[in-house]
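Participant: Just dropping this structure here.
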Amino acid sequence: MKKIVCALALSMCVASIFAQEKYVTQEIDSPDRSMPTFYESLKAKMPFALAWKDGSNPKKWKKAALAKAREQIIAFDDKTPFKPEVLDEEKRDGYTAKKIIFNISEESRVLALLLVPDNAKKAPAALMLHDHGSKFTIGKEKMVRPFASDEKRVSEAVAWASRFFDDDEHEECFPGDELAKRGYVVLSIDALGWGDRSVEKFKTDSQQALACNLFNMGSSFAGIIAQEDCRAAKFLASLPEVDKKKVAAVGFSMGAFRAWQVAALSDDITAGIADCWMGTMRGLMVPGNNQLKGQSAFSMLHPYIARYLDYPDVASLAAPKPMLFFNGEDDSLFPKAVVEDAYAKMHSVWKANKAEDKLHTEIVADMGHEFPPAQRQQAFDWLDKMFSR
């Protein structure tokens with residue numbers, strides 16, 4: 001009898017095994033082999049627990065969400081004295097360019113470009129935030145013209161400005177210098193890994209290794225960039241030539257991400273211009289998008305932010321500050337529908353703050369991933385108006 005029972009049990013076990021589905025043998029399946037087959041399921045589980053909801057009390061929401069954003073993004077509190085020093089000066093048309101050094105953190109004393117208009121006294125100011133572009137030899141020089149004596153960087157920077165900031169490849173235009181001519185004190189710094197804070201042959205794989213090591217040390221690549229942008233904003237606002245009530249963050253591409261991020265996180269930033277970076281997290285996390293590529297993602301990746309806030313939620317923490325957002329209709333990195341979803345949420349937050357007139361969002365027809373003269377003119381005129389100039 002026992003033999004019969006054992007045989008029956010073994011037979012049922014074998015039948016059960018063969019009845020099971022085959023195990024999955026290929027769980028990486030996307031055009032660039034960077035996504036698991038179940039990524040849509042994971043995206044659906046992103047909770048955004050502190051996301052803005054229509055009808056919320058804007059002040060209570062901002063208090064809770066801003067505290068969580070700062071906790072998730074800024075790893076360490078840093079109050080190191082700046083101790084600035086001017087190394088060199090170059091007279092330009094209506095303003096002076098200065099090479100300065102100051103303590104951006106307890107760990108880093110950095111070289112920066114500072115533009116000071118002639119006879120500046122309590123002038124408005126702009127923190128210029130450069131893009132990623134997978135080009136690391138220049139950073140601050142993407143937004144502010146290098147000194148004439150640095151011929152190699154002038155050549156690189158002019159080529160970069162011609163590509164993204166001007167219609168005519170033979171013309172040069174630097175957004176920071178444009179604002180200096182308008183009477184703004186301008187500061188531009190290198191993010192970690194760019195310009196004077198990079199090394200020869202620093203490439204995308206170097207960036208990935210840097211990011212991984214920073215994770216292991218309890219920090220993050222994106223977190224250090226965010227913290228240093230906040231510190232740079234505080235330094236700029238502290239300058240005697242600057243009206244601390246009129247300090248804008250201005251950025252293109254990754255610099256736009258940095259611009260709305262620092263406007264949200266820093267009390268020293270009072271307005272912002274973000275060109276070519278906005279969308280919902282779920283909408284941008286699709287195969288082929290730069291959000292999933294090590295060449296750019298790590299510099300904007302806060303590991304657990306999706307547990308609490310989406311990108312437009314973080315940007316909306318800047319409300320009710322004046323903010324302008326441009327995206328290009330022809331920019332493949334930021335699909336129109338995804339951008340529109342983000343803009344809709346942001347307008348809801350500014351409206352709840354009774355400040356919708358201070359938020360300008362626009363998807364520009366016939367514009368790609370660029371910051372052309374017409375949009376800069378519009379953006380800088382808008383900033384003048386917001387600062388009552």
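Following the order of the structure tokens, chains are lettered A, B, ..., residues in each are numbered from 1, and ligands are numbered from 1.
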Check stretch 152-382 of chain A with DSSP on the backbone and list each residue it calls strand (DSSP E or B), as an MDAnalysis selection string.
Facilitator: chainID A and resid 185:189 242:252 271:275 323:328 359:364
Participant: May I have the residues from that selection written out with C-alpha atoms, as a PDB file, in the first residue's frame?
Facilitator:
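Written out: selection.pdb:
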ATOM      1  CA  VAL A 185      25.599  89.941 -12.946  1.00  0.00           C
ATOM      2  CA  VAL A 186      26.296  86.466 -14.355  1.00  0.00           C
ATOM      3  CA  LEU A 187      27.919  83.431 -12.760  1.00  0.00           C
ATOM      4  CA  SER A 188      28.775  80.181 -14.548  1.00  0.00           C
ATOM      5  CA  ILE A 189      30.388  77.146 -12.929  1.00  0.00           C
ATOM      6  CA  VAL A 242      23.649  91.746  -6.681  1.00  0.00           C
ATOM      7  CA  ASP A 243      20.047  92.440  -5.729  1.00  0.00           C
ATOM      8  CA  LYS A 244      19.323  89.233  -3.812  1.00  0.00           C
ATOM      9  CA  LYS A 245      15.615  89.540  -4.615  1.00  0.00           C
ATOM     10  CA  LYS A 246      16.391  89.222  -8.336  1.00  0.00           C
ATOM     11  CA  VAL A 247      18.491  86.091  -8.869  1.00  0.00           C
ATOM     12  CA  ALA A 248      17.497  83.803 -11.749  1.00  0.00           C
ATOM     13  CA  ALA A 249      18.601  80.320 -12.746  1.00  0.00           C
ATOM     14  CA  VAL A 250      18.963  79.910 -16.511  1.00  0.00           C
ATOM     15  CA  GLY A 251      19.718  76.609 -18.229  1.00  0.00           C
ATOM     16  CA  PHE A 252      19.611  74.665 -21.488  1.00  0.00           C
ATOM     17  CA  ALA A 271      13.010  83.092 -10.911  1.00  0.00           C
ATOM     18  CA  GLY A 272      14.008  80.603 -13.573  1.00  0.00           C
ATOM     19  CA  ILE A 273      14.304  79.883 -17.286  1.00  0.00           C
ATOM     20  CA  ALA A 274      14.430  76.243 -18.394  1.00  0.00           C
ATOM     21  CA  ASP A 275      14.890  75.515 -22.099  1.00  0.00           C
ATOM     22  CA  MET A 323       9.299  80.396 -14.152  1.00  0.00           C
ATOM     23  CA  LEU A 324       9.533  80.065 -17.932  1.00  0.00           C
ATOM     24  CA  PHE A 325       9.732  76.710 -19.740  1.00  0.00           C
ATOM     25  CA  PHE A 326      10.388  76.145 -23.444  1.00  0.00           C
ATOM     26  CA  ASN A 327      10.341  72.803 -25.202  1.00  0.00           C
ATOM     27  CA  GLY A 328      10.807  72.254 -28.922  1.00  0.00           C
ATOM     28  CA  LEU A 359       4.320  80.619 -15.131  1.00  0.00           C
ATOM     29  CA  HIS A 360       5.028  80.628 -18.869  1.00  0.00           C
ATOM     30  CA  THR A 361       5.158  77.262 -20.652  1.00  0.00           C
ATOM     31  CA  GLU A 362       5.471  76.847 -24.390  1.00  0.00           C
ATOM     32  CA  ILE A 363       6.075  74.106 -26.916  1.00  0.00           C
ATOM     33  CA  VAL A 364       7.783  76.035 -29.695  1.00  0.00           C
TER      34      VAL A 364
END
Participant: Give me the residues near A:Phe165 as a ChimeraX atom specification, where near means some atom within 8 Å (using only C-alpha atoms) and where sequence neighbours in that chain fewer than 6 positions away do not count.
Facilitator: /A:172-175,370-373
Participant: Show which residues sit within 12 Å of A:Phe82, as a VMD selection string. Count only C-alpha atoms, and ignore same-chain residues fewer than 4 positions away.
Facilitator: chain A and resid 78 100 to 110 228 231 to 236 238 to 239
Participant: Using only C-alpha atoms, determine which residues lie at most 8 Å from stretch 62-72 of chain A, disregarding the query and same-chain residues fewer than 4 positions distant; provide the list as a short mmCIF file (atom, residue, chain, number, x, y, z; two decimals) with N, CA and C atoms, in the first residue's frame.
Facilitator:
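File written: selection_36.cif
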data_model
loop_
_atom_site.label_atom_id
_atom_site.label_comp_id
_atom_site.auth_asym_id
_atom_site.auth_seq_id
_atom_site.Cartn_x
_atom_site.Cartn_y
_atom_site.Cartn_z
N LEU A 50 3.96 61.67 -2.77
CA LEU A 50 3.73 63.07 -2.39
C LEU A 50 3.43 63.94 -3.61
N ALA A 51 3.03 63.33 -4.70
CA ALA A 51 2.73 64.09 -5.91
C ALA A 51 1.59 65.07 -5.67
N PRO A 58 -1.86 74.27 -1.27
CA PRO A 58 -0.52 74.43 -1.86
C PRO A 58 0.58 74.66 -0.84
N ALA A 264 13.55 75.18 -7.36
CA ALA A 264 12.69 74.50 -6.39
C ALA A 264 13.37 74.35 -5.03
N LEU A 265 14.65 74.02 -5.04
CA LEU A 265 15.36 73.68 -3.81
C LEU A 265 15.95 74.88 -3.07
N HIS A 302 18.26 60.77 -9.28
CA HIS A 302 18.12 60.71 -7.83
C HIS A 302 17.42 59.39 -7.51
N TYR A 304 15.78 57.41 -5.43
CA TYR A 304 14.47 57.03 -4.91
C TYR A 304 13.43 58.14 -4.99
N ILE A 305 13.69 59.15 -5.82
CA ILE A 305 12.76 60.28 -5.89
C ILE A 305 11.38 59.84 -6.39
N TYR A 308 8.32 59.36 -4.28
CA TYR A 308 7.61 60.50 -3.71
C TYR A 308 7.12 61.53 -4.74
N LEU A 309 7.99 61.89 -5.72
CA LEU A 309 7.68 63.02 -6.59
C LEU A 309 8.08 62.75 -8.04
N VAL A 314 8.56 68.19 -8.66
CA VAL A 314 9.75 68.87 -8.15
C VAL A 314 9.83 70.29 -8.71
N LEU A 317 7.66 72.84 -7.04
CA LEU A 317 8.04 73.33 -5.72
C LEU A 317 8.60 74.74 -5.81
#
Participant: Tell me, in Å to one decimal, how far atom CA of A:Asp150 is from atom CA of A:Ala180.
Facilitator: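 Going from atom CA of A:Asp150 over to atom CA of A:Ala180 covers 20.3 Å.
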Participant: Considering only C-alpha atoms, give me a table of residues in stretch 201-225 of chain A that are at most 7 Å from stretch 297-300 of chain A, with the closest atom pair and distance in Å for each, as JSON lines.
Facilitator:
{"residue": "A:Gln208", "atom": "CA", "partner": "A:Phe298", "partner_atom": "CA", "distance": 7.0}
{"residue": "A:Ala211", "atom": "CA", "partner": "A:Phe298", "partner_atom": "CA", "distance": 6.4}
{"residue": "A:Phe221", "atom": "CA", "partner": "A:Ser299", "partner_atom": "CA", "distance": 5.6}
{"residue": "A:Ala222", "atom": "CA", "partner": "A:Ser299", "partner_atom": "CA", "distance": 4.5}
Participant: So, counting only C-alpha atoms, which residue among A:Lys83, A:Leu192, A:Lys43, A:Ala159 is closest to A:Ser220?
Facilitator: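 So, comparing all the options, the nearest one is A:Leu192.
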Participant: Write out as an MDAnalysis selection string which residues come within 9 Å of A:Gly279 when counting only C-alpha atoms, dropping same-chain ones fewer than 2 positions away.
Facilitator: chainID A and resid 277 281:284 311:312 334:343
Participant: So that I have them on file, write out the residues from the current selection with N, CA, C and O atoms, as a short mmCIF file (atom, residue, chain, number, x, y, z; two decimals), in the first residue's frame.
Facilitator:
data_model
loop_
_atom_site.label_atom_id
_atom_site.label_comp_id
_atom_site.auth_asym_id
_atom_site.auth_seq_id
_atom_site.Cartn_x
_atom_site.Cartn_y
_atom_site.Cartn_z
N TRP A 277 13.99 70.94 -21.26
CA TRP A 277 14.00 69.81 -20.33
C TRP A 277 12.76 69.85 -19.44
O TRP A 277 12.74 70.53 -18.42
N MET A 281 8.05 61.54 -15.61
CA MET A 281 9.04 60.48 -15.48
C MET A 281 8.62 59.23 -16.26
O MET A 281 9.42 58.65 -17.00
N ARG A 282 7.36 58.83 -16.11
CA ARG A 282 6.89 57.65 -16.84
C ARG A 282 6.97 57.88 -18.35
O ARG A 282 7.32 56.99 -19.11
N GLY A 283 6.64 59.09 -18.78
CA GLY A 283 6.64 59.39 -20.21
C GLY A 283 8.02 59.40 -20.83
O GLY A 283 8.18 59.10 -22.01
N LEU A 284 9.02 59.76 -20.04
CA LEU A 284 10.39 59.83 -20.57
C LEU A 284 11.15 58.52 -20.43
O LEU A 284 12.13 58.30 -21.14
N TYR A 311 8.89 64.51 -11.94
CA TYR A 311 9.65 65.69 -12.36
C TYR A 311 8.82 66.98 -12.27
O TYR A 311 9.30 67.97 -11.70
N PRO A 312 7.60 67.03 -12.81
CA PRO A 312 6.85 68.28 -12.70
C PRO A 312 6.47 68.63 -11.26
O PRO A 312 6.26 69.81 -10.94
N PHE A 334 12.01 64.88 -25.94
CA PHE A 334 10.88 65.24 -25.08
C PHE A 334 9.60 65.28 -25.91
O PHE A 334 9.21 66.34 -26.41
N PRO A 335 8.94 64.13 -26.08
CA PRO A 335 7.73 64.06 -26.90
C PRO A 335 6.66 65.04 -26.43
O PRO A 335 6.48 65.26 -25.22
N LYS A 336 5.96 65.60 -27.38
CA LYS A 336 4.99 66.66 -27.10
C LYS A 336 3.96 66.27 -26.04
O LYS A 336 3.68 67.05 -25.12
N ALA A 337 3.38 65.10 -26.15
CA ALA A 337 2.33 64.68 -25.22
C ALA A 337 2.86 64.58 -23.80
O ALA A 337 2.16 64.93 -22.83
N VAL A 338 4.10 64.11 -23.66
CA VAL A 338 4.72 63.97 -22.34
C VAL A 338 4.97 65.35 -21.72
O VAL A 338 4.75 65.57 -20.52
N VAL A 339 5.43 66.27 -22.55
CA VAL A 339 5.66 67.64 -22.08
C VAL A 339 4.34 68.30 -21.67
O VAL A 339 4.25 68.96 -20.63
N GLU A 340 3.31 68.11 -22.47
CA GLU A 340 2.01 68.71 -22.17
C GLU A 340 1.45 68.20 -20.85
O GLU A 340 0.86 68.97 -20.08
N ASP A 341 1.64 66.92 -20.56
CA ASP A 341 1.18 66.37 -19.27
C ASP A 341 1.89 67.05 -18.10
O ASP A 341 1.27 67.38 -17.09
N ALA A 342 3.20 67.25 -18.25
CA ALA A 342 3.97 67.91 -17.19
C ALA A 342 3.54 69.36 -17.03
O ALA A 342 3.34 69.85 -15.91
N TYR A 343 3.39 70.07 -18.15
CA TYR A 343 2.96 71.46 -18.09
C TYR A 343 1.60 71.60 -17.41
O TYR A 343 1.37 72.55 -16.64
#
Participant: Using only C-alpha atoms, can you tell me which of A:Met278, A:Met346, A:Ile74, A:Ala191 comes closest to A:Ala112?
Facilitator: A:Ala191
Participant: Interatomic distance between atom CA of A:Tyr95 and atom CA of A:Tyr184?
Facilitator: 9.4 Å
Participant: Between atom CA of A:Ser316 and atom CA of A:Ile269, what is the spacing in Å?
Facilitator: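 These two atoms are separated by 13.8 Å.
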